[in-house]
There are 2 protein chains.
Amino acid sequence: MSDLKQYIRNIPDFPKKGILFRDITTLLSNGRKFKEVVDKLAKRYAGKDIDAVVAVESRGFIFGSALAYKLGAAFVPVRKKGKLPFKTLSAAYTLEYGKDSLEVHEDAFKPGARILLIDDLLATGGTLGAGVELVKKLKGNIQEIVFIIELLDLKGREKLKDFPVYSLIKY
Amino acid sequence: MSDLKQYIRNIPDFPKKGILFRDITTLLSNGRKFKEVVDKLAKRYAGKDIDAVVAVESRGFIFGSALAYKLGAAFVPVRKKGKLPFKTLSAAYTLEYGKDSLEVHEDAFKPGARILLIDDLLATGGTLGAGVELVKKLKGNIQEIVFIIELLDLKGREKLKDFPVYSLIKY
């Protein structure tokens with residue numbers, strides 16, 4: 001799906017100088033293309049008995065929930081500290097642009113559940129590393145980690161090497 | 001869909017004392033029920049030529065993107081200040097729990113586009129009021145404003161009275 005690149009907008013120096021931001025809103029604003037991307041992912045995981053799609057706030061929610069819907073799977077939000085209202089587990093991470101922690105509800109899914117973990121972008125893998133940690137704490141069975149965009153230079157894949165990683169667009 | 005209430009978890013004193021938080025994660029963690037909710041909304045808007053579903057960060061993204069996907073419409077994220085990378089328009093709002101502003105990309109959709117505006121919860125209507133303002137600035141044609149949950153006591157509907165408002169679960 002290399003033609004997908006033409007739907008991604010490149011924005012220099014966002015969120016800070018020296019970073020070339022890959023903007024997915026131009027893909028999302030094309031309903032046909034957005035559908036095509038979700039359908040492609042859904043086809044990949046059809047028949048794999050995915051119990052839940054776990055996605056990281058906020059952009060991960062966009063592809064994650066549409067994919068969960070299409071698969072008939074549960075949708076599990078992983079959110080920034082303090083946002084989830086029930087009892088949570090948390091995992092810290094260091095990001096390209098700072099530091100933070102992520103949380104998931106402790107009853108988000110049952111132990112052994114077959115999980116897809118999704119985010120829009122794989123950069124250093126810091127955020128998703130925390131996501132993986134949360135899923136492991138809940139004894140989820142990660143089937144694959146999915147990204148729309150992967151920034152190859154940042155070698156995030158190495159940080160996630162215990163699991164299969166799949167991305168649609170590589171830079 | 002009053003039976004939907006049994007899938008919503010009530011959490012007292014979140015995010016602060018005296019507020020009874022309606023937690024949708026228990027609905028989302030039931031894949032069948034999540035699908036049913038999105039399908040119900042999609043059925044309501046099928047054939048209405050919706051061009052874009054505009055949703056407010058972050059929980060609004062969950063239902064908004066699945067609905068956009070099902071309708072084959074564009075998905076337009078409205079985000080907190082400073083999150084969107086391209087040129088934005090912004091609108092301030094006062095929330096139950098504080099103050100903030102929302103932004104949308106200035107090229108998010110074409111003037112005259114047929115828009116559904118969606119969020120998970122209608123409380124005072126402050127957030128969605130800002131969403132409405134942004135859609136109006138872009139000359140979008142709001143077909144309906146959609147909520148999963150409406151808190152009737154807070155009369156948010158009055159703030160949105162220029163447009164049809166639809167909600168699935170009323171408290």
# chains A, B, ... in the order shown; residues from 1 in each chain; ligands from 1
$ select_by_dssp --residues "segment 9-145 of chain A" --states "strand (DSSP E or B)" --output "VMD selection string"
chain A and resid 9 to 12 20 to 23 52 to 56 74 to 80 88 to 95 98 to 105 114 to 122 141 to 145
$ residues_around --residues "Lys48 of chain B" --least-positions-apart "6" --cutoff "12 Å" --atoms "only C-alpha atoms" --output "list in words"
Leu41, Ala42, Leu71, Gly72, Ala73, Ala113, Arg114, Ile115, Leu116, Ile142, Gln143 and Glu144 of chain B
$ closest_atom_pairs --of "chain A" --to "chain B" --cutoff "6 Å" --atoms "only C-alpha atoms" --output "CSV"
residue,atom,partner,partner_atom,distance
A:Leu28,CA,B:Phe75,CA,5.2
A:Ser29,CA,B:Ala74,CA,4.5
A:Asn30,CA,B:Ala74,CA,5.2
A:Gly31,CA,B:Ala74,CA,3.9
A:Arg32,CA,B:Gly72,CA,6.0
A:Lys35,CA,B:Tyr69,CA,5.5
A:Ser58,CA,B:Ser58,CA,5.5
A:Phe61,CA,B:Ile62,CA,5.8
A:Ile62,CA,B:Ser65,CA,5.4
A:Ser65,CA,B:Ile62,CA,5.4
A:Ala66,CA,B:Ala66,CA,4.0
A:Tyr69,CA,B:Lys35,CA,5.4
A:Gly72,CA,B:Gly31,CA,5.2
A:Ala73,CA,B:Gly31,CA,4.3
A:Ala74,CA,B:Gly31,CA,3.9
A:Phe75,CA,B:Leu28,CA,5.2
$ residues_around --residues "Ala92 of chain B" --least-positions-apart "2" --cutoff "10 Å" --atoms "only C-alpha atoms" --output "NGL selection string"
:B and (80-81 or 90 or 94-95 or 99-103 or 126-127 or 129-131 or 133-134)
$ select_by_dssp --residues "chain B" --states "helix (DSSP H, G or I)" --output "PyMOL selection string"
chain B and resi 2-7+25-28+31-45+59-71+126-137+152-154+156-159
$ residues_around --residues "Leu121 of chain B" --least-positions-apart "4" --cutoff "7 Å" --atoms "only C-alpha atoms" --output "list of chain:residue names"
B:Phe147, B:Ile148, B:Ile149, B:Glu150
$ atom_distance --atom1 "atom CA of Leu122 of chain B" --atom2 "atom CA of Lys87 of chain B"
28.0 Å
